[in-house]
Amino acid sequence: MMPMIRIAHISDTHITGESAYKGYAYDLIANEINHGDFDFVIHTGDVTNQGLREEYERASYELGKIKKPLVVIPGNHDVRNVGYELFEKFIGPLNGVFEFDGGVVIWVDSTIPDLSDGRVGGHKFQWLKKRLKEYSDRKFKIVAAHHHLVPLPDTGRERNVLFNAGDVLDLLLRHGVNLYTCGHKHVPNVYRVEDIVVANAGCTSCKKTRKGDVNSYNIITIHDDGRIEVTIRRVTGDEVRKEHRPIRPKIFVPRGKRLLRIVQMSESNVSDRVYFRKKILENAIHTINEKLRPDIVVHNGDIVDMGIERYYGRAYEFYEKIKAEKLVVPGHNDITYLGYDLFKEYFGEPEVVEMKNFAFIPVISAQYETPIGVVGRIGQRKVARHLEEYRESFTAVVLHHNIIPIPRSREVGFLEDAGDVLRTVTQGEANLVLTGHGGNSFAVKVEKTPVINAGSVSWELHRNPFGNSFNLIDIYPKMIVAFEVQATWGSGRLLGIWKIKGPFKDL
Amino acid sequence: MEGDAPIKVYMTRKLIGVSPDDSVKRACEIMVEFDIGSLVVVEEDKVVGFFTKSDIIRRVVIPGLPNTTPVREIMSKELITVDANTPLRGVLDLMAKKGVKHMLIEENGEIVGIFSLSDLLTASRRRLETAIAAE
C-alpha cells in the first residue's frame, strides 16, 4: 500500500537583488520545508523577477537551500528577456515528469515570452496529452503549471488565464488527474473542480501580495484512500485547511419524482444573417413544447445577433411560442446598438423568478459593445445577498458570461471579475449556476456548485462538436441531472449528474 | 477520436442505475425519463448487473414476463468489462468481437464508467444537421 505523500508547494519567489524579493520569508519557508516531513517540493514558477542572469545565478543558490527533491516550473517572469534559455541552464527542463511512489507530477511550461498571459499551446498540449496517456495507470496524477486554470478571486481584473484553459481543464478531467498546482497571481486558493483539486499557491517571497496578505506556501497531503488535503500556511503560522475526498464510482439511482425541469438555451442570435439557423430554432422550440415540457426556459443571452428592432421583433415572435415560464438575461450581442433599451422593451428587466421552492437569480453581466462582461462589486454583493435571502430555496444563478473556461474557446477572461463571481457563488453555495457564452456546452461542479454552460441553439458560428444544442436540467430530491440535447435530432448527451444537499430546506 | 487514447478519456464517468429489486417497469421509466438505452444494477455501491433496452425486449417482452419482474431476474450478471487504461482501438475491437454496443469500464476492480457506440456518433449528427440547416 502506498504511504501518504506530502508535498510542499511553493511559488512566485521572485528572486532578485532588488526589494521585490523578501529573502527572510524565503529562508523561513525553506527552513520549514527542510525540517518538515515532505517527500518533495513543487515550485510553480516565477522563480526570478525578470529572468536576468544575475537573478538566475542567485536563484540557483537560493533553491539549493531546499534539501528535498524539487520540481521547478517556469513562470512568466522567468521567461522575460529570453530567460527561458537561462532557466534550462540554471534550473532545469521547462517541461518534464517527476515520478514518486504511486504517482507522477507532469509539469508543463505555460508561459509566452514577454507576456503575462499563459497557454499550453499546440506542441505542449500534445506533449501533455502524450504524458497523460503514458502515465495513465498511475494512481495519483499531478499536473503543475504556472498559470491558473479556473478564475481566481482577488485578482482585480481576471486575466492571464491560459488561453486554452477550457481545453486543458477538459483534458485533465478526462484523464482523471487528481491535482493541478499553479501560482501566478499571488493569491493562495483551493478549489475542487469535479474530482480535481486545483491548488493555487500564494507567493512565497515576493513583496507583491494582495489585500495586504503575507507570504505563504501550500502543504499538500495525498492519502492512500484518495483524499487530498491542502493547507495554506502563511509565514505568520496561520493555517487554512481544505480536504477533498473523491467518491468513486459515481453511480446514481434516481429516487422520487422529478421536482423541476429546466431548459437552458443560449446564443439564439436571431437575425437575418446566414449564420442564424431558423429551422433549427423552430425545431428546438417544438421539441421543448411538445416533448420536454419544462417548468422554466432560461435563455442565457445573445437572443439576437445585434441590438436592432427588426431582430428583437423576430426573437420575440420565436420566444412567444414557448409555453413555459421564461427567464431571459441579456448577452453582449443583445445590448449592441439600441439593444440596451430594446431588450427591456421586448423581454423586460430580468427579475428573480420564484417557482415552488426554487429561486432563479438573474445577473446582468453584459456591457455595451464589448464581448467582455462584468458583474461588478455592487453586483457581486447583490448576488451574495440574494443567495442569503433565498437560502431556504434551491438557488440558481443565471448570467451570460462563463465563469469557468469552456473547451474549444479562447479564454481571455470574458468576465472581468470571474474570479470574484466564482467565489461569490461557491461561498454562497448556489445550487446551480447557468451561463451561456463560448458556443459550447460544458458542465463542472466547483466546490458544491454545478456550473453549466449552454452551447448555441441556432447559430452556425459555434464550437460544439455535437452541433447546435440546448441543455435539459432535471432536479430530483437529491440530485441534478444535466443533458445536452442536440437541437435538430433531440439526441441526448450526459453533461453531468451531481448529488445535491442544502442549504435549502427539503425540496 | 484517437485510437491510442485510453478509454477513460471517452467514457461516461457518471452512471445511472437501479437496484436489483426494482421492477422492470421502474427501470423502463428511468430509461424513458433520461432517454438512455442501458442501466447498471447497483447493490451497496457495487455494480452487480447490467442490461439494455434490447435485453428487455428479449428477456421480458417476448417471453411474456410481467413488468413487475425484479431486474435481478433479467439482468446480465456476467459483465463484459475492460480496463480504463485500454486504448480505444482495443475496446472497439473487443466490442466488435463480443457483438455489444455498450462496454463497462473498470478500474481497480470497480466499474467506473461506460462507453457506448453512440458516443462515437457526435460528428455525424453535426454533419447531418448542417446538411439540412440551410434555408
# chains A, B, ... in the order shown; residues from 1 in each chain; ligands from 1
>>> interface_residues(of="chain A", to="chain B", cutoff="7 Å", atoms="only C-alpha atoms", output="list in words")
Lys133, Ser136, Asp137, Arg174, His175, Arg248, Pro249, Lys250, Ile251, Phe252, Val253, Arg277, Lys279, Ile280, Pro465, Phe466, Gly467, Thr488 and Ile497 of chain A
>>> write_last_selection(atoms="N, CA and C atoms", output="PDB file, in the first residue's frame")
ATOM      1  N   LYS A 133      -1.281   9.960 -21.287  1.00  0.00           N
ATOM      2  CA  LYS A 133      -1.528   8.602 -21.796  1.00  0.00           C
ATOM      3  C   LYS A 133      -0.492   7.646 -21.214  1.00  0.00           C
ATOM      4  N   SER A 136      -1.064   6.911 -17.588  1.00  0.00           N
ATOM      5  CA  SER A 136      -2.492   6.749 -17.342  1.00  0.00           C
ATOM      6  C   SER A 136      -2.794   5.824 -16.165  1.00  0.00           C
ATOM      7  N   ASP A 137      -1.947   4.810 -15.965  1.00  0.00           N
ATOM      8  CA  ASP A 137      -2.258   3.823 -14.918  1.00  0.00           C
ATOM      9  C   ASP A 137      -1.780   4.235 -13.531  1.00  0.00           C
ATOM     10  N   ARG A 174     -10.744  14.407 -18.164  1.00  0.00           N
ATOM     11  CA  ARG A 174     -10.895  13.140 -18.886  1.00  0.00           C
ATOM     12  C   ARG A 174      -9.841  12.119 -18.481  1.00  0.00           C
ATOM     13  N   HIS A 175      -8.652  12.603 -18.153  1.00  0.00           N
ATOM     14  CA  HIS A 175      -7.590  11.676 -17.774  1.00  0.00           C
ATOM     15  C   HIS A 175      -7.591  11.358 -16.285  1.00  0.00           C
ATOM     16  N   ARG A 248     -15.830   7.316  -5.664  1.00  0.00           N
ATOM     17  CA  ARG A 248     -15.844   6.506  -6.878  1.00  0.00           C
ATOM     18  C   ARG A 248     -16.408   5.147  -6.550  1.00  0.00           C
ATOM     19  N   PRO A 249     -17.122   4.493  -7.377  1.00  0.00           N
ATOM     20  CA  PRO A 249     -17.623   5.009  -8.640  1.00  0.00           C
ATOM     21  C   PRO A 249     -18.794   5.958  -8.423  1.00  0.00           C
ATOM     22  N   LYS A 250     -19.136   6.717  -9.462  1.00  0.00           N
ATOM     23  CA  LYS A 250     -20.235   7.660  -9.352  1.00  0.00           C
ATOM     24  C   LYS A 250     -21.484   7.054  -9.995  1.00  0.00           C
ATOM     25  N   ILE A 251     -22.266   6.417  -9.166  1.00  0.00           N
ATOM     26  CA  ILE A 251     -23.474   5.771  -9.670  1.00  0.00           C
ATOM     27  C   ILE A 251     -24.680   6.423  -8.997  1.00  0.00           C
ATOM     28  N   PHE A 252     -25.656   6.763  -9.807  1.00  0.00           N
ATOM     29  CA  PHE A 252     -26.818   7.465  -9.288  1.00  0.00           C
ATOM     30  C   PHE A 252     -28.062   6.622  -9.512  1.00  0.00           C
ATOM     31  N   VAL A 253     -28.775   6.364  -8.441  1.00  0.00           N
ATOM     32  CA  VAL A 253     -30.033   5.627  -8.554  1.00  0.00           C
ATOM     33  C   VAL A 253     -31.155   6.635  -8.307  1.00  0.00           C
ATOM     34  N   ARG A 277     -29.795  29.879 -37.862  1.00  0.00           N
ATOM     35  CA  ARG A 277     -30.475  28.689 -38.371  1.00  0.00           C
ATOM     36  C   ARG A 277     -31.903  28.646 -37.825  1.00  0.00           C
ATOM     37  N   LYS A 279     -34.621  27.213 -38.926  1.00  0.00           N
ATOM     38  CA  LYS A 279     -35.286  25.909 -38.852  1.00  0.00           C
ATOM     39  C   LYS A 279     -34.916  25.159 -37.575  1.00  0.00           C
ATOM     40  N   ILE A 280     -33.646  25.294 -37.202  1.00  0.00           N
ATOM     41  CA  ILE A 280     -33.187  24.571 -36.010  1.00  0.00           C
ATOM     42  C   ILE A 280     -33.837  25.144 -34.757  1.00  0.00           C
ATOM     43  N   PRO A 465     -18.786  20.217 -31.041  1.00  0.00           N
ATOM     44  CA  PRO A 465     -18.708  19.103 -31.982  1.00  0.00           C
ATOM     45  C   PRO A 465     -20.043  18.370 -32.130  1.00  0.00           C
ATOM     46  N   PHE A 466     -20.923  18.558 -31.170  1.00  0.00           N
ATOM     47  CA  PHE A 466     -22.236  17.913 -31.165  1.00  0.00           C
ATOM     48  C   PHE A 466     -23.217  18.682 -32.056  1.00  0.00           C
ATOM     49  N   GLY A 467     -22.859  19.888 -32.453  1.00  0.00           N
ATOM     50  CA  GLY A 467     -23.749  20.719 -33.262  1.00  0.00           C
ATOM     51  C   GLY A 467     -24.480  21.729 -32.392  1.00  0.00           C
ATOM     52  N   THR A 488     -31.313  19.594 -33.414  1.00  0.00           N
ATOM     53  CA  THR A 488     -32.011  19.069 -34.583  1.00  0.00           C
ATOM     54  C   THR A 488     -32.568  17.671 -34.332  1.00  0.00           C
ATOM     55  N   ILE A 497     -24.064  14.588 -13.629  1.00  0.00           N
ATOM     56  CA  ILE A 497     -25.044  14.294 -12.578  1.00  0.00           C
ATOM     57  C   ILE A 497     -24.336  14.651 -11.276  1.00  0.00           C
TER      58      ILE A 497
END
>>> select_by_dssp(residues="segment 290-505 of chain A", states="helix (DSSP H, G or I)", output="VMD selection string")
chain A and resid 290 to 292 309 to 320 339 to 347 376 to 389 418 to 427
>>> residues_around(residues="Val32 of chain B", least_positions_apart="5", cutoff="12 Å", atoms="only C-alpha atoms", output="list in words")
Lys291, Leu292 and Gly492 of chain A; Lys25, Arg26, Ala27, Gly37, Ser38, Leu39 and Lys53 of chain B
>>> closest_residue(among="B:Leu117, B:Gly99, B:Ile57, B:Leu104", to="Ile80 of chain B", atoms="only C-alpha atoms")
B:Leu104
>>> residues_around(residues="segment 56-58 of chain A", least_positions_apart="3", cutoff="9 Å", atoms="only C-alpha atoms", output="ChimeraX atom specification")
/A:15-17,47-48,51-53,61-63,78,83,86-87,90-91
>>> atom_distance(atom1="atom CA of Asn402 of chain A", atom2="atom CA of Tyr337 of chain A")
22.8 Å
>>> closest_residue(among="B:Val60, B:Glu44, B:Thr81, B:Leu120", to="Leu94 of chain B", atoms="only C-alpha atoms")
B:Thr81
>>> residues_around(residues="Tyr311 of chain A", least_positions_apart="5", cutoff="10 Å", atoms="only C-alpha atoms", output="list in words")
Asn269, Val270, Ser271, Asp272, Ile303, Val304, Asp305, Met306, Tyr316, Glu317, Asp334, Gly339 and Leu342 of chain A
>>> atom_distance(atom1="atom CA of Val197 of chain A", atom2="atom CA of Thr181 of chain A")
8.3 Å
>>> residues_around(residues="Ile378 of chain A", least_positions_apart="5", cutoff="12 Å", atoms="only C-alpha atoms", output="ChimeraX atom specification")
/A:363-365,383-385,417,420-421,424
>>> residues_around(residues="segment 97-105 of chain A", least_positions_apart="4", cutoff="7 Å", atoms="only C-alpha atoms", output="JSON, numbers by chain")
{"A": [2, 138, 139, 140, 141, 142, 143, 144]}
>>> write_last_selection(atoms="N, CA and C atoms", output="PDB file, in the first residue's frame")
ATOM      1  N   MET A   2       0.469   2.215  -0.794  1.00  0.00           N
ATOM      2  CA  MET A   2       1.261   3.437  -0.897  1.00  0.00           C
ATOM      3  C   MET A   2       1.114   4.268   0.380  1.00  0.00           C
ATOM      4  N   ARG A 138      -1.161   5.399 -13.405  1.00  0.00           N
ATOM      5  CA  ARG A 138      -0.698   5.823 -12.081  1.00  0.00           C
ATOM      6  C   ARG A 138      -1.891   6.216 -11.225  1.00  0.00           C
ATOM      7  N   LYS A 139      -1.810   5.852  -9.974  1.00  0.00           N
ATOM      8  CA  LYS A 139      -2.934   6.138  -9.083  1.00  0.00           C
ATOM      9  C   LYS A 139      -3.108   7.648  -8.881  1.00  0.00           C
ATOM     10  N   PHE A 140      -1.999   8.343  -8.700  1.00  0.00           N
ATOM     11  CA  PHE A 140      -2.097   9.787  -8.496  1.00  0.00           C
ATOM     12  C   PHE A 140      -1.384  10.539  -9.598  1.00  0.00           C
ATOM     13  N   LYS A 141      -2.129  11.396 -10.250  1.00  0.00           N
ATOM     14  CA  LYS A 141      -1.544  12.188 -11.332  1.00  0.00           C
ATOM     15  C   LYS A 141      -1.665  13.667 -10.961  1.00  0.00           C
ATOM     16  N   ILE A 142      -0.521  14.306 -10.947  1.00  0.00           N
ATOM     17  CA  ILE A 142      -0.485  15.729 -10.620  1.00  0.00           C
ATOM     18  C   ILE A 142       0.016  16.469 -11.858  1.00  0.00           C
ATOM     19  N   VAL A 143      -0.670  17.525 -12.239  1.00  0.00           N
ATOM     20  CA  VAL A 143      -0.176  18.372 -13.315  1.00  0.00           C
ATOM     21  C   VAL A 143       0.157  19.726 -12.691  1.00  0.00           C
ATOM     22  N   ALA A 144       1.325  20.248 -13.049  1.00  0.00           N
ATOM     23  CA  ALA A 144       1.762  21.523 -12.488  1.00  0.00           C
ATOM     24  C   ALA A 144       2.100  22.481 -13.621  1.00  0.00           C
TER      25      ALA A 144
END
>>> select_by_dssp(residues="chain B", states="strand (DSSP E or B)", output="ChimeraX atom specification")
/B:6,12,14-18,23,38-43,46-52,70,76,81-83,87,102-107,110-116
>>> closest_residue(among="A:Val328, A:Val425, A:Leu434, A:Ile10", to="Cys203 of chain A", atoms="only C-alpha atoms")
A:Ile10
